[in-house]
$ cat final.pdb   # PDB, C-alpha atoms
ATOM      1  CA  MET A   1     107.412 129.425 132.878
ATOM      2  CA  PHE A   2     103.981 128.043 132.113
ATOM      3  CA  LYS A   3     100.581 129.372 131.334
ATOM      4  CA  ALA A   4      97.758 127.446 133.008
ATOM      5  CA  LYS A   5      94.223 127.446 131.676
ATOM      6  CA  VAL A   6      91.693 126.051 134.131
ATOM      7  CA  LEU A   7      88.103 125.037 133.471
ATOM      8  CA  ILE A   8      85.815 124.584 136.454
ATOM      9  CA  LYS A   9      82.534 122.792 135.872
ATOM     10  CA  ARG A  10      79.659 122.066 138.165
ATOM     11  CA  ARG A  11      79.302 118.390 138.856
ATOM     12  CA  PRO A  12      76.481 116.799 136.848
ATOM     13  CA  SER A  13      74.571 116.022 140.065
ATOM     14  CA  ILE A  14      74.477 119.703 141.089
ATOM     15  CA  LEU A  15      71.651 121.868 139.768
ATOM     16  CA  ASP A  16      72.603 124.976 137.848
ATOM     17  CA  PRO A  17      69.813 127.532 138.240
ATOM     18  CA  GLN A  18      71.910 130.150 136.456
ATOM     19  CA  GLY A  19      72.273 127.903 133.409
ATOM     20  CA  LYS A  20      68.529 127.303 133.420
ATOM     21  CA  ALA A  21      67.784 131.022 133.589
ATOM     22  CA  VAL A  22      70.172 131.760 130.740
ATOM     23  CA  GLU A  23      68.506 129.043 128.695
ATOM     24  CA  LYS A  24      65.177 130.815 129.215
ATOM     25  CA  GLY A  25      66.824 133.837 127.583
ATOM     26  CA  ALA A  26      67.701 131.703 124.560
ATOM     27  CA  GLU A  27      64.063 130.639 124.309
ATOM     28  CA  HIS A  28      62.947 134.271 124.383
ATOM     29  CA  LEU A  29      65.505 135.061 121.697
ATOM     30  CA  GLY A  30      64.013 132.430 119.490
ATOM     31  CA  ILE A  31      67.052 130.146 119.681
ATOM     32  CA  LYS A  32      65.211 126.908 120.066
ATOM     33  CA  ASN A  33      67.498 123.921 120.101
ATOM     34  CA  ILE A  34      69.494 124.671 123.246
ATOM     35  CA  ARG A  35      69.527 122.087 126.057
ATOM     36  CA  ASP A  36      71.382 121.542 129.313
ATOM     37  CA  THR A  37      73.130 124.902 129.603
ATOM     38  CA  ARG A  38      75.706 124.643 132.395
ATOM     39  CA  ILE A  39      77.749 127.623 133.505
ATOM     40  CA  GLY A  40      81.292 127.126 134.755
ATOM     41  CA  LYS A  41      84.394 129.216 135.202
ATOM     42  CA  TYR A  42      87.495 129.784 133.128
ATOM     43  CA  ILE A  43      90.615 130.924 134.973
ATOM     44  CA  GLU A  44      94.099 131.511 133.547
ATOM     45  CA  PHE A  45      97.376 132.384 135.207
ATOM     46  CA  ILE A  46     101.139 132.120 134.904
ATOM     47  CA  VAL A  47     103.166 129.618 136.933
ATOM     48  CA  GLU A  48     106.650 130.910 137.633
ATOM     49  CA  THR A  49     108.736 127.786 137.420
ATOM     50  CA  ASP A  50     110.505 125.947 134.615
ATOM     51  CA  ASN A  51     109.862 122.547 136.150
ATOM     52  CA  LYS A  52     106.718 121.089 134.599
ATOM     53  CA  THR A  53     106.140 118.518 137.349
ATOM     54  CA  ALA A  54     106.364 121.236 139.999
ATOM     55  CA  ALA A  55     104.052 123.462 137.972
ATOM     56  CA  GLU A  56     101.468 120.690 137.650
ATOM     57  CA  LYS A  57     101.574 120.047 141.378
ATOM     58  CA  GLU A  58     101.037 123.725 142.201
ATOM     59  CA  VAL A  59      98.189 124.075 139.739
ATOM     60  CA  LYS A  60      96.493 120.969 141.136
ATOM     61  CA  ASP A  61      96.867 122.340 144.661
ATOM     62  CA  TYR A  62      95.512 125.727 143.630
ATOM     63  CA  CYS A  63      92.576 124.124 141.800
ATOM     64  CA  SER A  64      91.607 121.610 144.445
ATOM     65  CA  LYS A  65      92.116 123.770 147.545
ATOM     66  CA  LEU A  66      90.922 127.162 146.395
ATOM     67  CA  LEU A  67      89.702 127.588 142.815
ATOM     68  CA  SER A  68      87.159 124.772 142.966
ATOM     69  CA  ASN A  69      85.066 123.206 145.700
ATOM     70  CA  PRO A  70      85.290 119.443 145.128
ATOM     71  CA  ILE A  71      81.854 118.898 146.665
ATOM     72  CA  MET A  72      80.163 120.672 143.790
ATOM     73  CA  GLU A  73      82.765 121.223 141.086
ATOM     74  CA  ASP A  74      85.261 119.348 138.903
ATOM     75  CA  PHE A  75      88.268 120.992 137.331
ATOM     76  CA  GLU A  76      90.543 120.333 134.394
ATOM     77  CA  PHE A  77      93.549 122.304 133.214
ATOM     78  CA  THR A  78      96.186 122.594 130.542
ATOM     79  CA  LEU A  79      99.729 123.871 130.902
ATOM     80  CA  SER A  80     101.703 125.361 128.052
ATOM     81  CA  GLU A  81     105.215 126.786 127.931
ATOM     82  CA  TRP A  82     105.130 130.524 128.276
ATOM     83  CA  THR A  83     107.679 133.320 128.012
ATOM     84  CA  PRO A  84     107.106 136.918 129.086
ATOM     85  CA  SER A  85     107.560 138.170 125.507
ATOM     86  CA  GLU A  86     104.310 136.428 124.493
ATOM     87  CA  GLU A  87     102.450 138.843 126.695
ATOM     88  CA  LYS A  88     103.664 141.806 124.633
ATOM     89  CA  SER A  89     102.840 140.186 121.315
ATOM     90  CA  ASN A  90      99.353 139.320 122.597
ATOM     91  CA  ALA A  91      98.719 142.791 123.969
TER      92      ALA A  91
ATOM     93  CA  MET B   1      79.854 117.600 173.109
ATOM     94  CA  PRO B   2      82.246 119.970 174.909
ATOM     95  CA  ASP B   3      82.291 119.345 178.611
ATOM     96  CA  ARG B   4      81.729 122.585 180.478
ATOM     97  CA  THR B   5      80.821 120.906 183.749
ATOM     98  CA  LYS B   6      84.453 120.631 184.798
ATOM     99  CA  SER B   7      84.973 124.356 184.505
ATOM    100  CA  PRO B   8      85.631 125.662 188.036
ATOM    101  CA  VAL B   9      84.051 129.043 187.449
ATOM    102  CA  LYS B  10      80.698 129.329 185.760
ATOM    103  CA  SER B  11      80.297 132.658 184.103
ATOM    104  CA  LYS B  12      78.704 134.243 181.088
ATOM    105  CA  PRO B  13      80.580 133.399 177.916
ATOM    106  CA  LYS B  14      82.840 135.909 176.219
ATOM    107  CA  PHE B  15      82.081 136.369 172.546
ATOM    108  CA  GLY B  16      84.529 137.128 169.741
ATOM    109  CA  VAL B  17      83.245 138.537 166.457
ATOM    110  CA  VAL B  18      85.585 137.963 163.509
ATOM    111  CA  VAL B  19      85.882 140.857 161.075
ATOM    112  CA  PHE B  20      86.787 139.946 157.508
ATOM    113  CA  PRO B  21      87.156 142.527 154.759
ATOM    114  CA  GLY B  22      83.570 142.718 153.517
ATOM    115  CA  SER B  23      81.867 141.553 156.720
ATOM    116  CA  ASN B  24      78.870 143.808 157.283
ATOM    117  CA  CYS B  25      76.949 142.222 160.154
ATOM    118  CA  ASP B  26      79.915 142.348 162.520
ATOM    119  CA  TYR B  27      78.785 145.542 164.230
ATOM    120  CA  ASP B  28      75.187 144.306 164.478
ATOM    121  CA  ALA B  29      76.387 141.156 166.226
ATOM    122  CA  PHE B  30      78.722 143.134 168.500
ATOM    123  CA  TYR B  31      76.011 145.664 169.386
ATOM    124  CA  VAL B  32      73.373 143.035 170.117
ATOM    125  CA  LEU B  33      75.661 140.883 172.240
ATOM    126  CA  LYS B  34      77.055 143.790 174.222
ATOM    127  CA  LYS B  35      74.337 146.409 174.479
ATOM    128  CA  VAL B  36      71.152 144.368 174.185
ATOM    129  CA  LEU B  37      72.102 141.053 175.775
ATOM    130  CA  GLY B  38      74.915 142.212 178.056
ATOM    131  CA  TYR B  39      77.788 139.910 177.109
ATOM    132  CA  GLU B  40      81.453 140.742 176.920
ATOM    133  CA  VAL B  41      82.455 140.933 173.242
ATOM    134  CA  ASN B  42      85.636 141.576 171.276
ATOM    135  CA  PHE B  43      86.225 142.111 167.599
ATOM    136  CA  LEU B  44      88.783 139.753 166.080
ATOM    137  CA  TRP B  45      90.449 141.213 162.971
ATOM    138  CA  HIS B  46      90.958 138.550 160.298
ATOM    139  CA  LYS B  47      94.708 139.187 160.079
ATOM    140  CA  GLU B  48      95.190 138.505 163.778
ATOM    141  CA  THR B  49      95.661 135.079 165.308
ATOM    142  CA  ASP B  50      94.647 135.899 168.903
ATOM    143  CA  LEU B  51      91.115 134.805 169.817
ATOM    144  CA  LYS B  52      91.235 137.033 172.962
ATOM    145  CA  ASN B  53      90.043 134.225 175.254
ATOM    146  CA  SER B  54      86.681 134.061 173.550
ATOM    147  CA  ASP B  55      84.303 131.273 174.566
ATOM    148  CA  VAL B  56      82.093 131.654 171.517
ATOM    149  CA  ILE B  57      83.345 132.820 168.124
ATOM    150  CA  ILE B  58      80.941 134.477 165.717
ATOM    151  CA  LEU B  59      81.660 134.403 161.994
ATOM    152  CA  PRO B  60      79.321 137.209 160.931
ATOM    153  CA  GLY B  61      77.320 137.843 157.808
ATOM    154  CA  GLY B  62      78.395 139.990 154.913
ATOM    155  CA  PHE B  63      80.313 139.587 151.692
ATOM    156  CA  SER B  64      83.815 138.625 152.783
ATOM    157  CA  TYR B  65      86.298 139.249 149.967
ATOM    158  CA  GLY B  66      83.423 140.429 147.794
ATOM    159  CA  ASP B  67      82.077 136.862 147.545
ATOM    160  CA  TYR B  68      84.696 136.397 144.813
ATOM    161  CA  LEU B  69      85.218 132.880 143.458
ATOM    162  CA  ARG B  70      82.660 131.291 145.809
ATOM    163  CA  THR B  71      81.067 132.693 148.957
ATOM    164  CA  GLY B  72      83.425 132.184 151.892
ATOM    165  CA  ALA B  73      86.142 130.569 149.753
ATOM    166  CA  ILE B  74      88.825 133.192 150.328
ATOM    167  CA  ALA B  75      87.946 134.121 153.924
ATOM    168  CA  ARG B  76      88.564 130.500 154.802
ATOM    169  CA  PHE B  77      92.300 131.159 154.320
ATOM    170  CA  SER B  78      92.484 134.340 156.423
ATOM    171  CA  PRO B  79      95.108 134.073 159.206
ATOM    172  CA  ILE B  80      92.440 134.117 161.965
ATOM    173  CA  MET B  81      90.928 130.912 160.561
ATOM    174  CA  ASN B  82      93.851 128.775 161.707
ATOM    175  CA  PRO B  83      93.241 129.419 165.415
ATOM    176  CA  VAL B  84      89.473 129.352 164.784
ATOM    177  CA  ILE B  85      89.756 125.857 163.275
ATOM    178  CA  ASP B  86      91.973 124.708 166.194
ATOM    179  CA  PHE B  87      89.469 126.209 168.630
ATOM    180  CA  ALA B  88      86.639 124.334 166.890
ATOM    181  CA  GLU B  89      88.549 121.066 166.917
ATOM    182  CA  ASN B  90      89.085 121.473 170.666
ATOM    183  CA  GLY B  91      85.349 121.821 171.203
ATOM    184  CA  GLY B  92      85.101 125.618 171.199
ATOM    185  CA  PHE B  93      81.746 127.082 170.218
ATOM    186  CA  ILE B  94      81.389 128.705 166.811
ATOM    187  CA  MET B  95      78.371 130.359 165.248
ATOM    188  CA  GLY B  96      78.548 131.067 161.533
ATOM    189  CA  ILE B  97      75.768 133.353 160.405
ATOM    190  CA  CYS B  98      74.950 133.676 156.699
ATOM    191  CA  ASN B  99      78.353 134.398 155.112
ATOM    192  CA  GLY B 100      79.813 132.879 158.289
ATOM    193  CA  PHE B 101      77.911 129.653 157.526
ATOM    194  CA  GLN B 102      79.332 129.734 153.993
ATOM    195  CA  ILE B 103      82.844 130.136 155.451
ATOM    196  CA  LEU B 104      82.277 127.137 157.770
ATOM    197  CA  LEU B 105      81.274 125.037 154.749
ATOM    198  CA  GLU B 106      84.328 126.130 152.773
ATOM    199  CA  SER B 107      86.499 125.351 155.819
ATOM    200  CA  HIS B 108      84.950 121.862 155.988
ATOM    201  CA  LEU B 109      83.998 122.498 159.607
ATOM    202  CA  LEU B 110      80.451 121.728 158.475
ATOM    203  CA  PRO B 111      79.476 119.400 155.607
ATOM    204  CA  GLY B 112      77.812 120.411 152.341
ATOM    205  CA  VAL B 113      77.878 123.425 150.047
ATOM    206  CA  MET B 114      75.875 126.575 149.485
ATOM    207  CA  LEU B 115      74.478 127.090 146.001
ATOM    208  CA  GLN B 116      72.824 130.122 144.483
ATOM    209  CA  ASN B 117      69.188 130.590 145.517
ATOM    210  CA  ASN B 118      66.967 128.608 143.165
ATOM    211  CA  SER B 119      65.040 131.809 142.380
ATOM    212  CA  LEU B 120      68.342 133.414 141.273
ATOM    213  CA  GLN B 121      67.263 136.397 143.349
ATOM    214  CA  PHE B 122      68.729 137.901 146.467
ATOM    215  CA  VAL B 123      66.161 137.216 149.167
ATOM    216  CA  CYS B 124      65.756 139.594 152.100
ATOM    217  CA  LYS B 125      62.731 138.950 154.319
ATOM    218  CA  ASP B 126      61.549 137.472 157.594
ATOM    219  CA  VAL B 127      61.335 133.695 157.594
ATOM    220  CA  TYR B 128      60.056 131.198 160.127
ATOM    221  CA  LEU B 129      62.199 128.436 161.559
ATOM    222  CA  SER B 130      61.343 125.251 163.357
ATOM    223  CA  ILE B 131      63.814 123.970 165.915
ATOM    224  CA  GLU B 132      64.586 120.389 164.951
ATOM    225  CA  ASN B 133      67.030 119.661 167.742
ATOM    226  CA  TYR B 134      66.450 120.912 171.282
ATOM    227  CA  ASP B 135      69.432 119.093 172.778
ATOM    228  CA  SER B 136      71.945 121.548 171.378
ATOM    229  CA  PRO B 137      73.474 124.290 173.561
ATOM    230  CA  PHE B 138      72.342 126.666 170.798
ATOM    231  CA  THR B 139      68.665 125.775 171.341
ATOM    232  CA  LYS B 140      68.381 124.158 174.770
ATOM    233  CA  GLY B 141      67.385 127.422 176.407
ATOM    234  CA  ILE B 142      64.481 128.077 174.029
ATOM    235  CA  GLU B 143      60.928 127.083 174.948
ATOM    236  CA  SER B 144      59.754 123.946 173.152
ATOM    237  CA  SER B 145      57.633 124.128 169.984
ATOM    238  CA  LYS B 146      58.775 127.686 169.449
ATOM    239  CA  VAL B 147      58.754 128.817 165.802
ATOM    240  CA  LEU B 148      61.430 131.463 165.416
ATOM    241  CA  LYS B 149      60.861 134.551 163.281
ATOM    242  CA  ILE B 150      64.233 135.730 161.978
ATOM    243  CA  PRO B 151      65.174 137.490 158.726
ATOM    244  CA  VAL B 152      67.318 136.080 155.919
ATOM    245  CA  ALA B 153      69.342 138.205 153.492
ATOM    246  CA  HIS B 154      71.341 136.257 150.948
ATOM    247  CA  GLY B 155      71.884 135.350 147.318
ATOM    248  CA  ASP B 156      73.581 132.022 147.957
ATOM    249  CA  GLY B 157      71.609 130.251 150.646
ATOM    250  CA  ASN B 158      70.564 127.114 148.827
ATOM    251  CA  TYR B 159      72.081 124.455 151.048
ATOM    252  CA  PHE B 160      73.004 121.231 149.306
ATOM    253  CA  ALA B 161      74.613 117.975 150.379
ATOM    254  CA  ASP B 162      74.676 114.526 148.817
ATOM    255  CA  GLU B 163      72.387 111.765 150.029
ATOM    256  CA  ALA B 164      74.980 110.082 152.216
ATOM    257  CA  THR B 165      75.714 113.378 153.991
ATOM    258  CA  LEU B 166      72.014 114.122 154.448
ATOM    259  CA  LYS B 167      71.497 110.689 155.932
ATOM    260  CA  LEU B 168      74.264 111.328 158.455
ATOM    261  CA  LEU B 169      72.963 114.818 159.243
ATOM    262  CA  THR B 170      69.525 113.350 159.936
ATOM    263  CA  GLU B 171      70.739 110.365 161.930
ATOM    264  CA  ASN B 172      72.977 112.507 164.117
ATOM    265  CA  ASN B 173      70.339 115.168 164.688
ATOM    266  CA  GLN B 174      72.542 117.768 163.030
ATOM    267  CA  ILE B 175      69.750 119.571 161.210
ATOM    268  CA  ILE B 176      68.873 122.169 163.808
ATOM    269  CA  PHE B 177      66.679 124.698 161.940
ATOM    270  CA  LYS B 178      64.276 124.254 159.025
ATOM    271  CA  TYR B 179      62.298 126.853 157.069
ATOM    272  CA  THR B 180      58.604 126.601 157.907
ATOM    273  CA  SER B 181      55.273 128.400 157.815
ATOM    274  CA  PRO B 182      54.504 130.805 160.693
ATOM    275  CA  SER B 183      52.875 127.853 162.447
ATOM    276  CA  GLY B 184      55.806 125.525 161.887
ATOM    277  CA  GLN B 185      54.747 123.517 158.831
ATOM    278  CA  ILE B 186      57.669 122.358 156.728
ATOM    279  CA  LYS B 187      56.636 122.918 153.109
ATOM    280  CA  ASP B 188      58.360 123.943 149.873
ATOM    281  CA  GLU B 189      56.447 127.200 149.682
ATOM    282  CA  PHE B 190      58.111 128.416 152.886
ATOM    283  CA  ASN B 191      61.587 127.608 151.627
ATOM    284  CA  PRO B 192      63.147 130.945 150.564
ATOM    285  CA  ASN B 193      66.079 129.594 148.582
ATOM    286  CA  GLY B 194      65.594 125.967 147.528
ATOM    287  CA  SER B 195      67.637 124.454 150.358
ATOM    288  CA  ILE B 196      67.431 120.693 150.407
ATOM    289  CA  LEU B 197      65.021 119.411 153.125
ATOM    290  CA  ASN B 198      64.257 123.091 153.936
ATOM    291  CA  ILE B 199      67.514 123.240 155.876
ATOM    292  CA  ALA B 200      68.194 126.660 157.416
ATOM    293  CA  GLY B 201      70.862 125.641 159.914
ATOM    294  CA  ILE B 202      73.029 122.674 160.844
ATOM    295  CA  ILE B 203      75.495 121.746 163.564
ATOM    296  CA  ASN B 204      78.520 119.471 163.409
ATOM    297  CA  LYS B 205      78.360 115.991 164.894
ATOM    298  CA  ARG B 206      80.086 117.060 168.101
ATOM    299  CA  GLY B 207      77.566 119.869 168.464
ATOM    300  CA  ASN B 208      79.889 122.826 169.043
ATOM    301  CA  ILE B 209      79.660 124.418 165.586
ATOM    302  CA  LEU B 210      76.479 126.025 164.266
ATOM    303  CA  GLY B 211      75.929 127.366 160.770
ATOM    304  CA  MET B 212      72.698 129.172 159.928
ATOM    305  CA  MET B 213      71.571 131.365 157.042
ATOM    306  CA  PRO B 214      69.042 133.534 158.969
ATOM    307  CA  HIS B 215      70.394 136.494 160.944
ATOM    308  CA  PRO B 216      69.637 136.204 164.688
ATOM    309  CA  GLU B 217      71.504 139.467 165.330
ATOM    310  CA  ARG B 218      68.874 141.279 163.267
ATOM    311  CA  ALA B 219      66.110 139.923 165.473
ATOM    312  CA  SER B 220      67.439 140.561 168.962
ATOM    313  CA  ASP B 221      66.826 144.228 169.791
ATOM    314  CA  PRO B 222      63.230 144.837 170.951
ATOM    315  CA  VAL B 223      63.405 148.280 169.315
ATOM    316  CA  LEU B 224      63.320 146.490 165.958
ATOM    317  CA  GLY B 225      60.202 144.544 166.904
ATOM    318  CA  LYS B 226      61.765 141.066 166.786
ATOM    319  CA  THR B 227      63.600 139.239 169.538
ATOM    320  CA  ASP B 228      63.626 135.551 168.586
ATOM    321  CA  GLY B 229      67.239 135.731 167.416
ATOM    322  CA  GLY B 230      68.355 136.761 170.890
ATOM    323  CA  MET B 231      67.030 133.443 172.210
ATOM    324  CA  ILE B 232      69.775 131.619 170.334
ATOM    325  CA  PHE B 233      72.550 133.804 171.785
ATOM    326  CA  ASN B 234      71.001 133.513 175.247
ATOM    327  CA  SER B 235      70.648 129.752 174.914
ATOM    328  CA  ILE B 236      74.396 129.415 174.526
ATOM    329  CA  GLY B 237      74.808 131.985 177.309
ATOM    330  CA  LYS B 238      72.701 129.880 179.681
ATOM    331  CA  TYR B 239      74.630 126.776 178.707
ATOM    332  CA  PHE B 240      77.790 128.344 180.118
ATOM    333  CA  LEU B 241      76.062 129.184 183.389
ATOM    334  CA  ASN B 242      74.592 125.730 184.011
TER     335      ASN B 242
END
$ encode --input "final.pdb" --output "structure tokens"
Amino acid sequence: MFKAKVLIKRRPSILDPQGKAVEKGAEHLGIKNIRDTRIGKYIEFIVETDNKTAAEKEVKDYCSKLLSNPIMEDFEFTLSEWTPSEEKSNA
Amino acid sequence: MPDRTKSPVKSKPKFGVVVFPGSNCDYDAFYVLKKVLGYEVNFLWHKETDLKNSDVIILPGGFSYGDYLRTGAIARFSPIMNPVIDFAENGGFIMGICNGFQILLESHLLPGVMLQNNSLQFVCKDVYLSIENYDSPFTKGIESSKVLKIPVAHGDGNYFADEATLKLLTENNQIIFKYTSPSGQIKDEFNPNGSILNIAGIINKRGNILGMMPHPERASDPVLGKTDGGMIFNSIGKYFLN
């Protein structure tokens, strides 16, 4: 099995009002050197197959058809081998 | 444009209102269409695949699937959307209102995306709309130069599309409603959410699919003091009779 970690970022051409508002907060905090705050999404999940090629295909499908909207977002992901026992040790 | 002229029997259209988990303007739309405007209406549960012979499908406002991930992103894959997309591709009429508009964008039945309001605030107030295209069945029946007063209620209503898409939308007369002043002036200060070109509603190139952020169903019952929204429903109604 595999663990997928997906990062979804707004495309550079798309405004991010949320990032701008958060940056205002930094200003008010006195943190002064922050620029270009962009807020994205981090999503992780398990892929139940031992075939890496199949796993990659499913993750790409999931990312491009549902998790991200290609008009405004780009995605990238990593896949790492995963066994159910890891869950217990991480818990 | 769908060709209704070959239809042997001209009658008032039958409406179907899709109900997604989290829809909350479904009953308003149903009530207005049936009780105020006198159309036949059916609810269409999102898990069903039968459109109940509807002539016009309404994708209502609300927060389908809690707006999780992106507005409209999950509703787009509800079972009812398969026949709805087929219906649209065959020229059937669809009106997506607010969250319904967002679902149409996620379904790629209309171009562009909906971003968060530039104010970052949920905006709930009456707005004024100019009609930019009077040739559409959705607006044909409305008197010319009419500025519509209809409320908006949304957090993600900031319509965006790239330049190439905007060029096509303009060239094909697909921008149907713009946010304006009460007298119809298109200016930034009357734009409630930052939408590019003050866009409040668009249609597809074929002209059978409308997406709009304002809520016509909330401005149709005279008891509520506003009736401009009803003009849009009646415009499509008249189109079926002519």
$ interface_residues --input "final.pdb" --of "chain B" --to "chain A" --cutoff "7 Å" --atoms "only C-alpha atoms" --output "ChimeraX atom specification"
/B:69,73,113,118,120
$ axis_aligned_box --input "final.pdb" --around "segment 46-63 of chain A" --padding-each-side "4 Å" --output "lines of an AutoDock Vina configuration file"
center_x = 101.5
center_y = 125.3
center_z = 139.6
size_x = 25.9
size_y = 21.6
size_z = 18.1
$ atom_distance --input "final.pdb" --atom1 "atom CA of Gly92 of chain B" --atom2 "atom CA of Leu59 of chain B"
13.2 Å
$ resolve_selection --input "final.pdb" --expression "the PyMOL selection byres ((chain B and resi 214-217) around 7)" --output "number ranges by chain"
B: 28-29, 32, 97-98, 150-152, 212-213, 218-220, 229-230
$ residues_near_point --input "final.pdb" --point "(105.2, 128.8, 129.7)" --cutoff "10 Å" --atoms "all atoms listed in the file" --output "list in words"
Met1, Phe2, Lys3, Ala4, Ile46, Val47, Glu48, Thr49, Asp50, Lys52, Ala55, Leu79, Ser80, Glu81, Trp82, Thr83, Pro84 and Glu86 of chain A
$ closest_residue --input "final.pdb" --among "B:Phe101, B:Tyr179, B:Phe160, B:Phe233" --to "Tyr128 of chain B" --atoms "all atoms listed in the file"
B:Tyr179
$ resolve_selection --input "final.pdb" --expression "the PyMOL selection byres ((chain B and resi 31) around 12)" --output "PDB file with C-alpha atoms, in the frame of the given file"
ATOM      1  CA  PHE B  15      82.081 136.369 172.546  1.00  0.00           C
ATOM      2  CA  VAL B  17      83.245 138.537 166.457  1.00  0.00           C
ATOM      3  CA  CYS B  25      76.949 142.222 160.154  1.00  0.00           C
ATOM      4  CA  ASP B  26      79.915 142.348 162.520  1.00  0.00           C
ATOM      5  CA  TYR B  27      78.785 145.542 164.230  1.00  0.00           C
ATOM      6  CA  ASP B  28      75.187 144.306 164.478  1.00  0.00           C
ATOM      7  CA  ALA B  29      76.387 141.156 166.226  1.00  0.00           C
ATOM      8  CA  PHE B  30      78.722 143.134 168.500  1.00  0.00           C
ATOM      9  CA  VAL B  32      73.373 143.035 170.117  1.00  0.00           C
ATOM     10  CA  LEU B  33      75.661 140.883 172.240  1.00  0.00           C
ATOM     11  CA  LYS B  34      77.055 143.790 174.222  1.00  0.00           C
ATOM     12  CA  LYS B  35      74.337 146.409 174.479  1.00  0.00           C
ATOM     13  CA  VAL B  36      71.152 144.368 174.185  1.00  0.00           C
ATOM     14  CA  LEU B  37      72.102 141.053 175.775  1.00  0.00           C
ATOM     15  CA  GLY B  38      74.915 142.212 178.056  1.00  0.00           C
ATOM     16  CA  TYR B  39      77.788 139.910 177.109  1.00  0.00           C
ATOM     17  CA  GLU B  40      81.453 140.742 176.920  1.00  0.00           C
ATOM     18  CA  VAL B  41      82.455 140.933 173.242  1.00  0.00           C
ATOM     19  CA  ASN B  42      85.636 141.576 171.276  1.00  0.00           C
ATOM     20  CA  PHE B  43      86.225 142.111 167.599  1.00  0.00           C
ATOM     21  CA  GLU B 217      71.504 139.467 165.330  1.00  0.00           C
ATOM     22  CA  ARG B 218      68.874 141.279 163.267  1.00  0.00           C
ATOM     23  CA  SER B 220      67.439 140.561 168.962  1.00  0.00           C
ATOM     24  CA  ASP B 221      66.826 144.228 169.791  1.00  0.00           C
ATOM     25  CA  GLY B 230      68.355 136.761 170.890  1.00  0.00           C
TER      26      GLY B 230
END
$ atom_distance --input "final.pdb" --atom1 "atom CA of Thr78 of chain A" --atom2 "atom CA of Met114 of chain B"
28.1 Å
$ closest_residue --input "final.pdb" --among "A:Glu56, A:Asp61, A:Glu44, A:Asp36" --to "Lys5 of chain A" --atoms "all atoms listed in the file"
A:Glu44
$ resolve_selection --input "final.pdb" --expression "the PyMOL selection byres ((chain A and resi 42) around 7)" --output "count of residues only"
7
$ closest_residue --input "final.pdb" --among "B:Gly62, B:Pro79, B:Gly201, B:Gly72" --to "Thr49 of chain B" --atoms "only C-alpha atoms"
B:Pro79
$ residues_around --input "final.pdb" --residues "Leu44 of chain B" --least-positions-apart "6" --cutoff "8 Å" --atoms "all atoms listed in the file" --output "list in words"
Gly16, Val17, Val18, Val19, Asp50, Leu51, Lys52 and Ile80 of chain B
$ write_last_selection --input "final.pdb" --atoms "C-alpha atoms" --output "compact mmCIF listing (two decimals), in the coordinates of the input"
# COMPACT_ATOMS: atom_id res chain seq x y z
CA GLY B 16 84.53 137.13 169.74
CA VAL B 17 83.24 138.54 166.46
CA VAL B 18 85.58 137.96 163.51
CA VAL B 19 85.88 140.86 161.07
CA ASP B 50 94.65 135.90 168.90
CA LEU B 51 91.12 134.80 169.82
CA LYS B 52 91.24 137.03 172.96
CA ILE B 80 92.44 134.12 161.96
$ closest_residue --input "final.pdb" --among "B:Gly225, B:Gly184, B:Gly91, B:Gly22" --to "Ala75 of chain B" --atoms "only C-alpha atoms"
B:Gly22
$ residues_around --input "final.pdb" --residues "Glu73 of chain A" --least-positions-apart "5" --cutoff "6 Å" --atoms "all atoms listed in the file" --output "list in words"
Lys9, Arg10, Arg11 and Ser68 of chain A
$ atom_distance --input "final.pdb" --atom1 "atom CA of Tyr239 of chain B" --atom2 "atom CA of Lys178 of chain B"
22.4 Å
$ residues_around --input "final.pdb" --residues "Phe177 of chain B" --least-positions-apart "5" --cutoff "8 Å" --atoms "all atoms listed in the file" --output "ChimeraX atom specification"
/B:129-133,199-202,212
$ write_last_selection --input "final.pdb" --atoms "C-alpha atoms" --output "PDB file, in the frame of the given file"
ATOM      1  CA  LEU B 129      62.199 128.436 161.559  1.00  0.00           C
ATOM      2  CA  SER B 130      61.343 125.251 163.357  1.00  0.00           C
ATOM      3  CA  ILE B 131      63.814 123.970 165.915  1.00  0.00           C
ATOM      4  CA  GLU B 132      64.586 120.389 164.951  1.00  0.00           C
ATOM      5  CA  ASN B 133      67.030 119.661 167.742  1.00  0.00           C
ATOM      6  CA  ILE B 199      67.514 123.240 155.876  1.00  0.00           C
ATOM      7  CA  ALA B 200      68.194 126.660 157.416  1.00  0.00           C
ATOM      8  CA  GLY B 201      70.862 125.641 159.914  1.00  0.00           C
ATOM      9  CA  ILE B 202      73.029 122.674 160.844  1.00  0.00           C
ATOM     10  CA  MET B 212      72.698 129.172 159.928  1.00  0.00           C
TER      11      MET B 212
END
$ residues_near_point --input "final.pdb" --point "(74.5, 117.6, 150.7)" --cutoff "9 Å" --atoms "only C-alpha atoms" --output "ChimeraX atom specification"
/A:71 /B:111-113,159-166,196
